[in-house]
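Structure file input_28.cif; described as mmCIF, C-alpha atoms.
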```cif
data_model
#
loop_
_atom_site.label_atom_id
_atom_site.label_comp_id
_atom_site.auth_asym_id
_atom_site.auth_seq_id
_atom_site.Cartn_x
_atom_site.Cartn_y
_atom_site.Cartn_z
CA MET A 1 35.86 74.90 -70.40
CA ILE A 2 34.94 71.76 -72.37
CA LYS A 3 32.12 72.38 -74.81
CA LYS A 4 28.98 70.33 -74.26
CA ASP A 5 27.36 68.26 -77.00
CA THR A 6 23.82 69.43 -76.34
CA ARG A 7 22.44 66.59 -78.50
CA THR A 8 23.13 64.21 -75.62
CA LEU A 9 20.86 66.22 -73.32
CA SER A 10 17.15 65.65 -72.96
CA ALA A 11 14.79 67.88 -74.94
CA ASP A 12 13.67 69.75 -71.80
CA THR A 13 17.28 70.34 -70.71
CA GLN A 14 18.19 71.65 -74.17
CA GLU A 15 15.25 74.05 -74.07
CA ALA A 16 16.19 75.35 -70.62
CA LEU A 17 19.82 75.83 -71.72
CA ARG A 18 18.85 77.80 -74.81
CA ILE A 19 16.59 80.12 -72.79
CA ARG A 20 19.22 80.67 -70.02
CA VAL A 21 21.92 81.50 -72.58
CA ALA A 22 19.64 83.86 -74.53
CA GLN A 23 18.51 85.61 -71.35
CA ALA A 24 22.12 86.07 -70.23
CA VAL A 25 23.05 87.64 -73.58
CA LEU A 26 19.99 89.87 -73.49
CA ASP A 27 21.05 90.97 -69.98
CA GLY A 28 24.36 92.21 -71.38
CA MET A 29 26.71 89.20 -71.37
CA LYS A 30 28.95 88.95 -74.42
CA GLN A 31 28.32 85.89 -76.64
CA ARG A 32 31.98 84.79 -76.33
CA LYS A 33 31.80 84.95 -72.52
CA ALA A 34 28.41 83.15 -72.54
CA ALA A 35 29.90 80.37 -74.69
CA LYS A 36 32.63 79.78 -72.12
CA ALA A 37 30.26 80.11 -69.14
CA PHE A 38 27.67 77.64 -70.42
CA GLY A 39 30.01 75.33 -72.36
CA VAL A 40 28.42 75.78 -75.78
CA THR A 41 29.72 77.09 -79.11
CA GLU A 42 29.51 80.67 -80.24
CA VAL A 43 27.91 79.45 -83.48
CA ALA A 44 25.05 77.88 -81.51
CA ILE A 45 24.54 81.04 -79.46
CA SER A 46 24.56 83.18 -82.61
CA HIS A 47 21.83 80.97 -84.09
CA TRP A 48 19.73 81.04 -80.90
CA MET A 49 19.93 84.84 -80.69
CA LYS A 50 18.83 85.16 -84.31
CA VAL A 51 15.81 82.99 -83.56
CA CYS A 52 15.13 85.01 -80.41
CA ARG A 53 15.20 88.31 -82.33
CA GLU A 54 12.87 87.00 -85.04
CA GLN A 55 10.44 84.93 -82.96
CA GLY A 56 11.04 85.99 -79.39
CA MET A 57 11.87 83.67 -76.51
CA HIS A 58 9.02 81.43 -77.65
CA GLY A 59 11.07 80.41 -80.70
CA LEU A 60 13.62 78.68 -78.44
CA LYS A 61 11.09 76.28 -77.00
CA ASN A 62 10.92 72.64 -78.08
CA ARG A 63 9.11 71.73 -81.27
CA LYS A 64 7.69 68.46 -82.50
CA ARG A 65 10.43 66.53 -84.24
CA GLY A 66 10.22 64.76 -87.58
CA PRO A 67 9.05 65.97 -91.00
CA LYS A 68 6.77 68.99 -91.05
CA ASN A 69 4.25 67.20 -93.25
CA SER A 70 3.41 63.55 -92.69
CA PRO A 71 4.06 61.38 -95.80
CA ALA A 72 0.97 60.73 -97.93
CA ILE A 73 -0.34 57.22 -97.40
CA LEU A 74 -3.23 55.47 -99.12
CA LYS A 75 -5.74 53.83 -96.84
CA GLY A 76 -6.83 50.25 -97.46
CA TYR A 77 -10.16 51.11 -99.09
CA GLN A 78 -8.47 53.74 -101.28
CA ALA A 79 -5.90 51.20 -102.50
CA ALA A 80 -8.71 48.74 -103.31
CA ILE A 81 -10.56 51.37 -105.35
CA ILE A 82 -7.43 52.26 -107.35
CA CYS A 83 -6.70 48.57 -108.04
CA ASN A 84 -10.23 48.01 -109.33
CA ILE A 85 -10.09 51.08 -111.57
CA ILE A 86 -6.74 50.05 -113.10
CA ARG A 87 -8.05 46.54 -113.75
CA ASP A 88 -11.45 47.45 -115.19
CA ARG A 89 -11.09 50.87 -116.81
CA HIS A 90 -8.87 52.71 -119.27
CA PRO A 91 -7.35 56.17 -118.60
CA GLU A 92 -9.29 57.73 -121.46
CA GLN A 93 -12.57 56.56 -119.88
CA LEU A 94 -11.71 58.69 -116.85
CA LYS A 95 -10.71 61.66 -119.02
CA LEU A 96 -7.02 61.32 -118.15
CA ALA A 97 -4.49 62.36 -120.78
CA PHE A 98 -2.90 58.91 -120.99
CA ALA A 99 -3.36 55.90 -123.27
CA LEU A 100 -1.93 53.37 -120.79
CA TRP A 101 -1.77 52.93 -117.02
CA THR A 102 1.74 54.27 -116.40
CA SER A 103 2.99 55.33 -112.96
CA ALA A 104 2.36 58.96 -113.98
CA ALA A 105 -1.23 58.14 -114.98
CA ILE A 106 -1.88 56.29 -111.71
CA ARG A 107 -0.31 59.17 -109.75
CA GLU A 108 -2.71 61.59 -111.42
CA LEU A 109 -5.64 59.25 -110.80
CA ILE A 110 -4.85 59.12 -107.06
CA ALA A 111 -4.51 62.91 -106.88
CA LYS A 112 -7.76 63.43 -108.75
CA ARG A 113 -9.71 60.85 -106.78
CA PHE A 114 -8.41 61.32 -103.24
CA LYS A 115 -6.48 64.64 -103.30
CA ILE A 116 -3.34 62.74 -102.27
CA VAL A 117 -0.10 63.67 -104.04
CA LEU A 118 2.42 60.82 -104.30
CA SER A 119 5.76 60.65 -106.05
CA LYS A 120 6.11 58.30 -109.03
CA ARG A 121 8.49 56.22 -106.96
CA SER A 122 5.86 55.81 -104.23
CA VAL A 123 3.29 54.83 -106.86
CA ARG A 124 5.64 52.15 -108.23
CA ARG A 125 6.17 50.83 -104.70
CA TYR A 126 2.41 50.57 -104.22
CA LEU A 127 2.03 48.77 -107.56
CA GLN A 128 4.73 46.29 -106.60
CA ARG A 129 2.96 45.68 -103.28
CA TRP A 130 -0.33 45.08 -105.16
CA ASN A 131 1.39 42.58 -107.53
CA TYR A 132 0.85 44.83 -110.55
CA THR A 133 3.62 44.60 -113.17
CA PRO A 134 4.19 46.51 -116.46
CA GLN A 135 2.99 44.34 -119.35
CA LYS A 136 2.49 44.68 -123.08
CA PRO A 137 -1.20 45.50 -123.55
CA LYS A 138 -3.48 43.42 -125.75
CA ARG A 139 -5.05 45.39 -128.57
CA ILE A 140 -8.86 45.43 -128.65
CA ALA A 141 -10.78 46.96 -131.55
CA TYR A 142 -13.26 49.77 -130.87
CA GLU A 143 -15.72 47.89 -133.09
CA LYS A 144 -15.77 44.86 -130.81
CA ASP A 145 -19.23 44.13 -129.38
CA GLN A 146 -18.74 42.78 -125.85
CA ALA A 147 -22.40 41.78 -125.59
CA GLU A 148 -21.99 39.61 -128.68
CA VAL A 149 -18.86 38.06 -127.20
CA ASP A 150 -20.73 37.25 -123.99
CA ARG A 151 -23.57 35.66 -125.99
CA TRP A 152 -21.05 33.56 -127.90
CA LYS A 153 -19.54 32.20 -124.71
CA SER A 154 -22.76 31.69 -122.78
CA ARG A 155 -25.19 30.58 -125.50
CA ARG A 156 -23.92 30.13 -129.04
CA TYR A 157 -20.83 28.01 -128.42
CA PRO A 158 -22.54 25.78 -125.81
CA ALA A 159 -25.30 25.17 -128.40
CA ILE A 160 -22.69 24.25 -131.04
CA ARG A 161 -21.00 21.92 -128.58
CA ALA A 162 -24.29 20.24 -127.68
CA LEU A 163 -25.19 19.78 -131.36
CA ALA A 164 -21.73 18.37 -132.10
CA LYS A 165 -22.19 15.84 -129.31
CA LYS A 166 -25.61 14.89 -130.66
CA GLU A 167 -24.37 14.45 -134.24
CA LYS A 168 -21.03 12.96 -133.13
CA ALA A 169 -19.17 15.74 -134.92
CA ARG A 170 -15.71 17.04 -134.08
CA ILE A 171 -15.24 20.77 -133.47
CA TYR A 172 -12.23 22.36 -135.20
CA TRP A 173 -11.01 25.92 -134.73
CA ALA A 174 -9.21 27.31 -137.80
CA ASP A 175 -7.27 30.44 -138.73
CA GLU A 176 -4.89 31.73 -141.41
CA MET A 177 -1.63 33.62 -141.04
CA GLY A 178 1.06 35.17 -143.20
CA LEU A 179 4.71 34.58 -142.25
CA ARG A 180 7.64 36.89 -143.04
CA SER A 181 11.36 36.18 -143.00
CA ASP A 182 12.14 39.40 -141.12
CA HIS A 183 10.02 38.51 -138.09
CA GLN A 184 12.19 38.38 -134.97
CA ALA A 185 11.42 37.01 -131.52
CA GLY A 186 13.30 36.57 -128.27
CA ARG A 187 16.02 38.58 -126.55
CA SER A 188 19.78 38.29 -126.29
CA TYR A 189 22.03 39.24 -123.36
CA SER A 190 24.54 42.00 -124.08
CA PRO A 191 26.57 44.58 -122.12
CA ILE A 192 24.69 47.73 -121.15
CA GLY A 193 24.71 50.19 -124.03
CA VAL A 194 25.73 47.57 -126.61
CA THR A 195 22.83 46.45 -128.79
CA PRO A 196 23.12 42.74 -129.69
CA THR A 197 23.07 41.77 -133.37
CA ARG A 198 21.70 38.81 -135.25
CA ARG A 199 22.87 37.69 -138.67
CA GLY A 200 20.29 37.01 -141.36
CA THR A 201 19.51 37.62 -144.98
CA GLY A 202 18.52 41.11 -146.10
CA LEU A 203 15.95 39.62 -148.50
CA ARG A 204 12.30 39.60 -147.61
CA PHE A 205 10.18 36.59 -148.41
CA GLY A 206 7.35 34.70 -146.84
CA CYS A 207 4.70 32.03 -146.98
CA ASN A 208 1.20 31.49 -145.65
CA MET A 209 -0.39 28.83 -143.50
CA ILE A 210 -3.79 27.58 -142.41
CA SER A 211 -4.15 25.50 -139.29
CA ALA A 212 -7.02 23.93 -137.37
CA ILE A 213 -7.04 22.36 -133.90
CA THR A 214 -9.41 20.54 -131.58
CA ASN A 215 -9.46 20.45 -127.79
CA ARG A 216 -8.69 16.72 -128.07
CA GLY A 217 -5.19 17.50 -129.37
CA ASP A 218 -5.71 17.21 -133.14
CA LEU A 219 -3.77 19.57 -135.41
CA SER A 220 -4.14 19.92 -139.18
CA PHE A 221 -2.32 22.46 -141.33
CA LEU A 222 -1.51 23.62 -144.84
CA VAL A 223 1.55 25.74 -145.67
CA TYR A 224 1.58 27.35 -149.11
CA HIS A 225 2.82 30.19 -151.29
CA GLY A 226 0.46 32.72 -152.79
CA LYS A 227 -2.68 34.47 -151.59
CA PHE A 228 -5.40 33.10 -149.40
CA VAL A 229 -8.32 32.60 -151.75
CA SER A 230 -11.47 30.47 -151.83
CA ASP A 231 -9.81 27.56 -153.64
CA VAL A 232 -7.09 27.34 -150.95
CA PHE A 233 -9.67 27.30 -148.17
CA ILE A 234 -11.79 24.70 -149.96
CA ASP A 235 -8.69 22.55 -150.48
CA PHE A 236 -7.94 22.75 -146.76
CA MET A 237 -11.50 21.82 -145.78
CA GLY A 238 -11.30 18.84 -148.17
CA ARG A 239 -8.16 17.68 -146.37
CA LEU A 240 -9.93 17.99 -143.03
CA ILE A 241 -12.80 15.82 -144.28
CA LYS A 242 -10.37 13.13 -145.45
CA GLU A 243 -8.51 13.18 -142.13
CA SER A 244 -11.76 12.91 -140.17
CA ARG A 245 -12.46 9.45 -141.69
CA GLY A 246 -16.17 9.90 -142.07
CA ARG A 247 -16.75 11.90 -138.89
CA LYS A 248 -18.63 15.16 -139.41
CA ILE A 249 -16.72 18.41 -138.83
CA PHE A 250 -17.92 21.63 -137.23
CA LEU A 251 -15.40 24.25 -138.34
CA ILE A 252 -15.28 27.55 -136.41
CA VAL A 253 -13.59 30.47 -138.19
CA ASP A 254 -13.58 34.27 -138.15
CA GLY A 255 -15.41 36.55 -140.57
CA HIS A 256 -12.69 36.75 -143.24
CA PRO A 257 -14.22 37.54 -146.68
CA VAL A 258 -12.90 34.25 -148.10
CA HIS A 259 -14.77 32.28 -145.42
CA ARG A 260 -18.00 34.00 -146.46
CA SER A 261 -17.43 33.96 -150.22
CA LYS A 262 -20.12 32.52 -152.50
CA LYS A 263 -17.77 29.84 -153.77
CA VAL A 264 -17.08 28.62 -150.23
CA ARG A 265 -20.78 28.79 -149.28
CA ASP A 266 -21.73 26.71 -152.31
CA TRP A 267 -19.05 24.11 -151.59
CA VAL A 268 -20.05 23.82 -147.92
CA LYS A 269 -23.69 23.43 -148.97
CA GLU A 270 -22.74 20.58 -151.30
CA ASN A 271 -20.86 18.90 -148.45
CA GLU A 272 -23.24 19.78 -145.60
CA SER A 273 -23.38 16.15 -144.48
CA LYS A 274 -19.61 16.25 -143.87
CA ILE A 275 -18.81 19.78 -142.72
CA ARG A 276 -20.52 22.84 -141.29
CA LEU A 277 -19.14 26.36 -140.84
CA TYR A 278 -19.63 28.59 -137.79
CA PHE A 279 -18.42 32.16 -137.39
CA LEU A 280 -16.89 33.89 -134.37
CA PRO A 281 -18.12 37.34 -133.28
CA PRO A 282 -16.50 40.17 -135.29
CA TYR A 283 -13.23 41.69 -134.06
CA SER A 284 -12.71 38.95 -131.47
CA PRO A 285 -9.60 36.96 -132.47
CA GLU A 286 -8.85 36.21 -128.82
CA LEU A 287 -11.81 33.79 -128.80
CA ASN A 288 -10.08 31.50 -131.30
CA PRO A 289 -7.68 28.93 -129.73
CA ASP A 290 -5.94 28.59 -133.10
CA GLU A 291 -4.47 32.07 -132.56
CA CYS A 292 -2.20 30.38 -129.99
CA VAL A 293 -0.87 28.15 -132.77
CA ASN A 294 -0.12 31.24 -134.85
CA HIS A 295 1.79 32.82 -131.99
CA ASP A 296 3.72 29.62 -131.33
CA VAL A 297 4.77 29.30 -134.98
CA LYS A 298 5.80 32.95 -135.27
CA GLN A 299 7.85 32.85 -132.09
CA ASN A 300 9.56 29.48 -132.47
CA ALA A 301 9.48 28.39 -136.12
CA VAL A 302 10.14 31.82 -137.66
CA GLY A 303 11.40 34.27 -135.06
CA ARG A 304 14.10 32.01 -133.60
CA ARG A 305 15.33 30.38 -136.82
CA ASN A 306 17.20 31.99 -139.70
CA ALA A 307 15.83 31.03 -143.11
CA ARG A 308 17.93 31.91 -146.18
CA ASN A 309 15.11 31.62 -148.71
CA ALA A 310 11.38 31.00 -149.03
CA ASN A 311 11.72 27.22 -149.34
CA GLU A 312 13.81 27.04 -146.17
CA LEU A 313 11.26 29.19 -144.35
CA MET A 314 8.47 26.87 -145.46
CA HIS A 315 10.50 23.83 -144.41
CA ASN A 316 11.06 25.32 -140.93
CA VAL A 317 7.34 25.99 -140.50
CA ILE A 318 6.27 22.55 -141.73
CA SER A 319 8.79 20.68 -139.58
CA PHE A 320 7.72 22.66 -136.52
CA LEU A 321 4.01 21.99 -137.14
CA VAL A 322 4.70 18.27 -137.68
CA MET A 323 6.46 18.22 -134.32
CA ARG A 324 3.46 19.89 -132.68
CA GLN A 325 1.11 17.53 -134.53
CA GLN A 326 2.86 14.59 -132.91
CA ASP A 327 2.42 16.10 -129.44
CA PRO A 328 -1.34 16.21 -128.66
CA LYS A 329 -0.65 17.31 -125.08
CA GLN A 330 0.98 20.50 -126.36
CA VAL A 331 -1.98 21.15 -128.67
CA LYS A 332 -4.35 20.78 -125.71
CA ARG A 333 -2.28 23.37 -123.82
CA TYR A 334 -3.32 25.99 -126.35
CA PHE A 335 -6.76 25.80 -124.74
CA HIS A 336 -5.30 26.71 -121.34
CA GLU A 337 -5.04 30.39 -122.29
CA ALA A 338 -7.46 32.51 -120.26
CA ASP A 339 -9.48 33.81 -123.24
CA VAL A 340 -10.09 30.36 -124.76
CA GLN A 341 -10.58 28.19 -121.70
CA TYR A 342 -14.31 28.21 -122.45
CA ALA A 343 -13.53 26.00 -125.50
CA ALA A 344 -11.44 23.45 -123.62
CA SER A 345 -14.35 21.05 -123.13
#
```
Structure re-expressed in structure tokens:
Amino acid sequence: MIKKDTRTLSADTQEALRIRVAQAVLDGMKQRKAAKAFGVTEVAISHWMKVCREQGMHGLKNRKRGPKNSPAILKGYQAAIICNIIRDRHPEQLKLAFALWTSAAIRELIAKRFKIVLSKRSVRRYLQRWNYTPQKPKRIAYEKDQAEVDRWKSRRYPAIRALAKKEKARIYWADEMGLRSDHQAGRSYSPIGVTPTRRGTGLRFGCNMISAITNRGDLSFLVYHGKFVSDVFIDFMGRLIKESRGRKIFLIVDGHPVHRSKKVRDWVKENESKIRLYFLPPYSPELNPDECVNHDVKQNAVGRRNARNANELMHNVISFLVMRQQDPKQVKRYFHEADVQYAAS
């Protein structure tokens, strides 16, 4: 007799067949004879009889198909809560043993908050659906006073801007930076497992620079060797005054000790009709648009060019800054960054 493929039968027919076969065997029919009589395999009958012995005839009845446990799924409001937490809080604030929001950290957060256990792969799929991508985090100092930052944006800078308009002064944002020959930026394609190489000198040398920009596209700079001291800063401010052609300057800088030195204070006081200094909140470099200039120079004038000596490094930096100086539109784009958009007008 041709064996039947019971998978083609309906669920109710399969159940009835299993029970009839089991009952026949229990009534004394040999399993081999039952297999021929009902057109099924002996292996199937052997399995059914084992189930019958362990669970009784009830074990041969139909069961609900599919996975025993339904897959864990986040509801809409739960997903919204997780998104808000990831955006506004740090793992350590929630007493999680993670420094960053990794898929493992988010998995633990979901389990702790909603008692839902997801795989890391499921968490990554959710993150992709929410348009969350892994990114290099921005470092923020513990000492930063957010209330002071908010006051700067909402009250202090608008007051400076209003005073500058009244006195017809031009607002400059300035910062200093050290440059090293071994700084590297960018990536290079290479076969998997083969680290790309880049030729360059094994010597280490550097130079320093000061730059200042306005939201109108002005860029002034000074590239030099040696340490950043009061005389260097005073020299730079003197250059700014000459370039301003009689227009008063409001210069915004950070709290570097040189900016607050007695020698600088005395010089600024002597030239108070030409220049005035203002200081950003402590530990808040992201508020200074000139930081974007620093990043641009490091990435493109230093990191992507090979300098063989200190003079060549300085030449690369100066030529790059001159190019930027001649492109006011690019300088204005520095103020498009999210943290400094408040200074764009």
Since I can't run it myself right now, could you work out what the PyMOL selection byres ((chain A and resi 201-211) around 9) selects here and report it as an NGL selection string? :A and (173-182 or 199-200 or 212-213 or 219-228 or 233 or 236 or 290 or 293-294 or 306-311 or 313-314 or 317)
For a test of reading the model, state the distance in Å between atom CA of A:Ser154 and atom CA of A:Lys168, rounded to one decimal.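 Those two atoms sit 21.5 Å apart.
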From (-4.8, 29.5, -130.4), in the file's coordinates, out to 6 Å: which residues are reached, counting all atoms listed in the file? Answer as a CSV table (one decimal) with C-alpha atoms, in the frame of the given file.
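The result, stored in point.csv:
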```csv
chain,number,residue,atom,x,y,z
A,288,ASN,CA,-10.1,31.5,-131.3
A,289,PRO,CA,-7.7,28.9,-129.7
A,290,ASP,CA,-5.9,28.6,-133.1
A,291,GLU,CA,-4.5,32.1,-132.6
A,292,CYS,CA,-2.2,30.4,-130.0
A,293,VAL,CA,-0.9,28.2,-132.8
A,334,TYR,CA,-3.3,26.0,-126.4
```
Please tell me which residues are no farther than 9 Å from (-9.3, 57.1, -102.6) in the file, counting only C-alpha atoms, and write them as a VMD selection string. chain A and resid 74 to 82 110 to 116
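One distance worth recording is that between atom CA of A:Val302 and atom CA of A:Asn316, which is 7.3 Å.
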Which polymer residues have any atom within 10 Å of an atom of stretch 26-31 of chain A, counting all atoms listed in the file, with same-chain residues fewer than 6 positions away left out, as a ChimeraX atom specification?
-> /A:20,37,41-46,49,52
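Nearest-residue note for A:Pro282: choosing from A:Lys153, A:Lys165, A:Lys144, A:His336, the minimum distance belongs to A:Lys144, counting only C-alpha atoms.
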Neighbouring residues of A:Glu92 were defined as those with any atom within 12 Å, considering all atoms listed in the file; residues of the same chain fewer than 6 positions away were excluded. Please report them as a list in words.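 Non-adjacent residues within range: Ile85, Ile86, Phe98, Ala99, Leu100, Trp101, Ala105 and Leu109 of chain A.
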Requested in this report: Could you check how far atom CA of A:His259 sits from atom CA of A:Asp235, in Å to one decimal?
Outcome: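 Pair atom CA of A:His259 / atom CA of A:Asp235 returns 12.5 Å.
Omitting A:Arg124 and its sequence neighbours fewer than 3 positions away, and counting only C-alpha atoms, the residues within 10 Å are Thr102, Ser103, Ala104, Ile106, Arg107, Ser119, Lys120, Arg121, Leu127, Gln128, Arg129, Trp130, Tyr132 and Thr133 of chain A.
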Residue with the minimum atom-to-atom distance to A:Ala338, picked from A:Thr13, A:Tyr278, A:Glu286, A:Phe320 with only C-alpha atoms counted, is A:Glu286
Exercise. Would you kindly translate the PyMOL selection byres ((chain A and resi 247-250) around 6) into the concrete residues it picks from this file, as JSON, numbers by chain?
Key: {"A": [169, 170, 171, 244, 245, 246, 251, 274, 275, 276]}
Could you check the closest approach to A:Ile73 for each of A:Gln93, A:Ser122, A:Gln330, A:Gln55 and tell me which residue wins, using only C-alpha atoms?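 Of A:Gln93, A:Ser122, A:Gln330, A:Gln55, the one nearest A:Ile73, counting only C-alpha atoms, is A:Ser122.
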With distances taken over all atoms listed in the file, the candidate from A:Asn131, A:Gly39, A:Cys83, A:Ser284 nearest A:Val253 is A:Ser284
- So which one's closest to A:Arg139, A:Lys262, A:Val117, A:Tyr283, A:Asp231? Using all atoms listed in the file, please.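 So, comparing all the options, the nearest one is A:Tyr283.
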* To do: On this file, the PyMOL selection byres ((chain A and resi 157) around 12) gives some set of residues; write that set as a ChimeraX atom specification.
  => /A:148-156,158-164,171,173,250-252,278-281,287-288,340,342-345
Excluding A:Trp48 and residues on its chain fewer than 5 positions from it, collect all residues at most 8 Å away from it, counting all atoms listed in the file, and give them as a PyMOL selection string.
chain A and resi 18+22+60
